[in-house]
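S.K.: Have a look at this one.
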Amino acid sequence: MTEAHIAVGEADFDPAAQLSRLEALGGGAVASFTGIVRGGDGLQAMRLDHYPAMTQAQIARIVAEAQARWPLLGVVVIHRVGDLTPGERIVFVGTASSHRAAALESCAFLIDWLKTSAPFWKKERFADGRAEWVEARAEDDAARERWG
């Protein structure tokens with residue numbers, strides 16, 4: 001049975017602790033992605049909102065899909081919500097498997113899905129007073145589409 005840990009909340013996380021959790025499962029491969037809030041263009045903060053029950057259910061569904069597609073020993077998905085500033089961690093995805101390809105592919109699958117289809121709403125605030133909703137990007141949609 002694959003171990004799965006899903007957390008959505010305001011608290012920061014320690015990527016090293018999450019990697020240790022996955023390494024302790026005894027597989028031969030661990031892959032991970034840590035997303036950081038980008039700065040630039042006067043961005044001061046980003047606000048992420050969500051509906052907790054819906055978000056948890058959707059992430060659990062896509063984790064189950066990854067578990068069905070690849071021989072995984074463990075999966076960790078952590079996504080922050082609330083107000084975040086440039087340089088802060090926003091998301092962590094980690095997968096463990098006995099096989100390198102399964103760990104790498106499943107990690108990419110999960111982050112591509114989170115980036116395009118997870119039920120989060122993002123609004124950016126800028127130094128000049130502007131506030132803009134973050135729109136989907138074609139290149140992110142194309143990355144998700146490669147998984148069918």
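Going through the structure tokens in order, the chains are called A, B, and so on, while each chain numbers its residues from 1 and the ligands are numbered from 1 in the order shown.
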I'd like the neighbourhood of A:Arg146 as a ChimeraX atom specification, where a residue qualifies if any of its atoms comes within 12 Å (using only C-alpha atoms), though same-chain residues fewer than 6 positions away should be ignored.

M.R.: /A:105,108-109,112-113,139-140

S.K.: Check stretch 40-117 of chain A with DSSP on the backbone and list each residue it calls strand (DSSP E or B), as a ChimeraX atom specification.

M.R.: /A:43-50,72-80,82-84,89-97

S.K.: Which residue, A:Thr55, A:Ser20, A:Thr34, A:Gln44, has the smallest gap to A:Ser117 when you use only C-alpha atoms?

M.R.: A:Thr55

S.K.: If you count only C-alpha atoms, which residues fall within 8 Å of A:Ser32, apart from same-chain ones fewer than 2 positions away, as a list of chain:residue names?

M.R.: A:Leu19, A:Val30, A:Thr34, A:Phe92, A:Val93, A:Gly94, A:Thr95, A:Leu104, A:Cys107

S.K.: Using DSSP on the backbone, list every residue of stretch 23-142 of chain A that comes out as helix (DSSP H, G or I), and give them as a ChimeraX atom specification.

M.R.: /A:23,52-69,100-117,138-142

S.K.: Closest to A:Gly9 among A:Ile36, A:Leu25, A:Ile62, A:Val81, using only C-alpha atoms?

M.R.: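 Ranked by minimum distance to A:Gly9, first place goes to A:Val81.
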
S.K.: Kindly indicate which residue among A:Leu72, A:Ala45, A:Ala53, A:Ala142 lies nearest to A:Ala101, using only C-alpha atoms for the distances.

M.R.: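 Closest to A:Ala101 of all the choices is A:Leu72.
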
S.K.: Quick one: residues within 12 Å of A:Ala4, only C-alpha atoms, excluding same-chain residues fewer than 6 positions away - as number ranges by chain?

M.R.: A: 18, 21-22, 25, 59-64, 66-67, 72-78, 93-96

S.K.: What does the structure give for the distance between atom CA of A:Ala102 and atom CA of A:Met54, in Å to one decimal?

M.R.: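 Atom CA of A:Met54 lies 27.4 Å from atom CA of A:Ala102.
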
S.K.: Report the closest atom pair, with its distance in Å rounded to one decimal, for each residue of stretch 12-73 of chain A that has an atom no farther than 12 Å from stretch 129-136 of chain A; count only C-alpha atoms, sort by chain and then rising residue number, and write it as JSON lines.

M.R.:
{"residue": "A:Asp41", "atom": "CA", "partner": "A:Arg130", "partner_atom": "CA", "distance": 11.3}
{"residue": "A:Gly42", "atom": "CA", "partner": "A:Gly129", "partner_atom": "CA", "distance": 9.6}
{"residue": "A:Leu43", "atom": "CA", "partner": "A:Arg130", "partner_atom": "CA", "distance": 9.4}
{"residue": "A:Gln44", "atom": "CA", "partner": "A:Gly129", "partner_atom": "CA", "distance": 9.6}
{"residue": "A:Ala45", "atom": "CA", "partner": "A:Ala131", "partner_atom": "CA", "distance": 9.5}
{"residue": "A:Met46", "atom": "CA", "partner": "A:Ala131", "partner_atom": "CA", "distance": 9.2}
{"residue": "A:Arg47", "atom": "CA", "partner": "A:Trp133", "partner_atom": "CA", "distance": 9.4}
{"residue": "A:Leu48", "atom": "CA", "partner": "A:Val134", "partner_atom": "CA", "distance": 10.0}
{"residue": "A:Asp49", "atom": "CA", "partner": "A:Trp133", "partner_atom": "CA", "distance": 11.2}

S.K.: Counting only C-alpha atoms, which residue out of A:Val37, A:Ala57, A:Ala103, A:Ala29 sits closest to A:Val91?

M.R.: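 Selected residue with least distance to A:Val91: A:Val37.
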
S.K.: Using only C-alpha atoms, which of A:Leu110, A:Ala68, A:Ala31, A:Ala16 sits nearest A:Trp147?

M.R.: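 Comparing A:Leu110, A:Ala68, A:Ala31, A:Ala16 against A:Trp147, the winner is A:Leu110.
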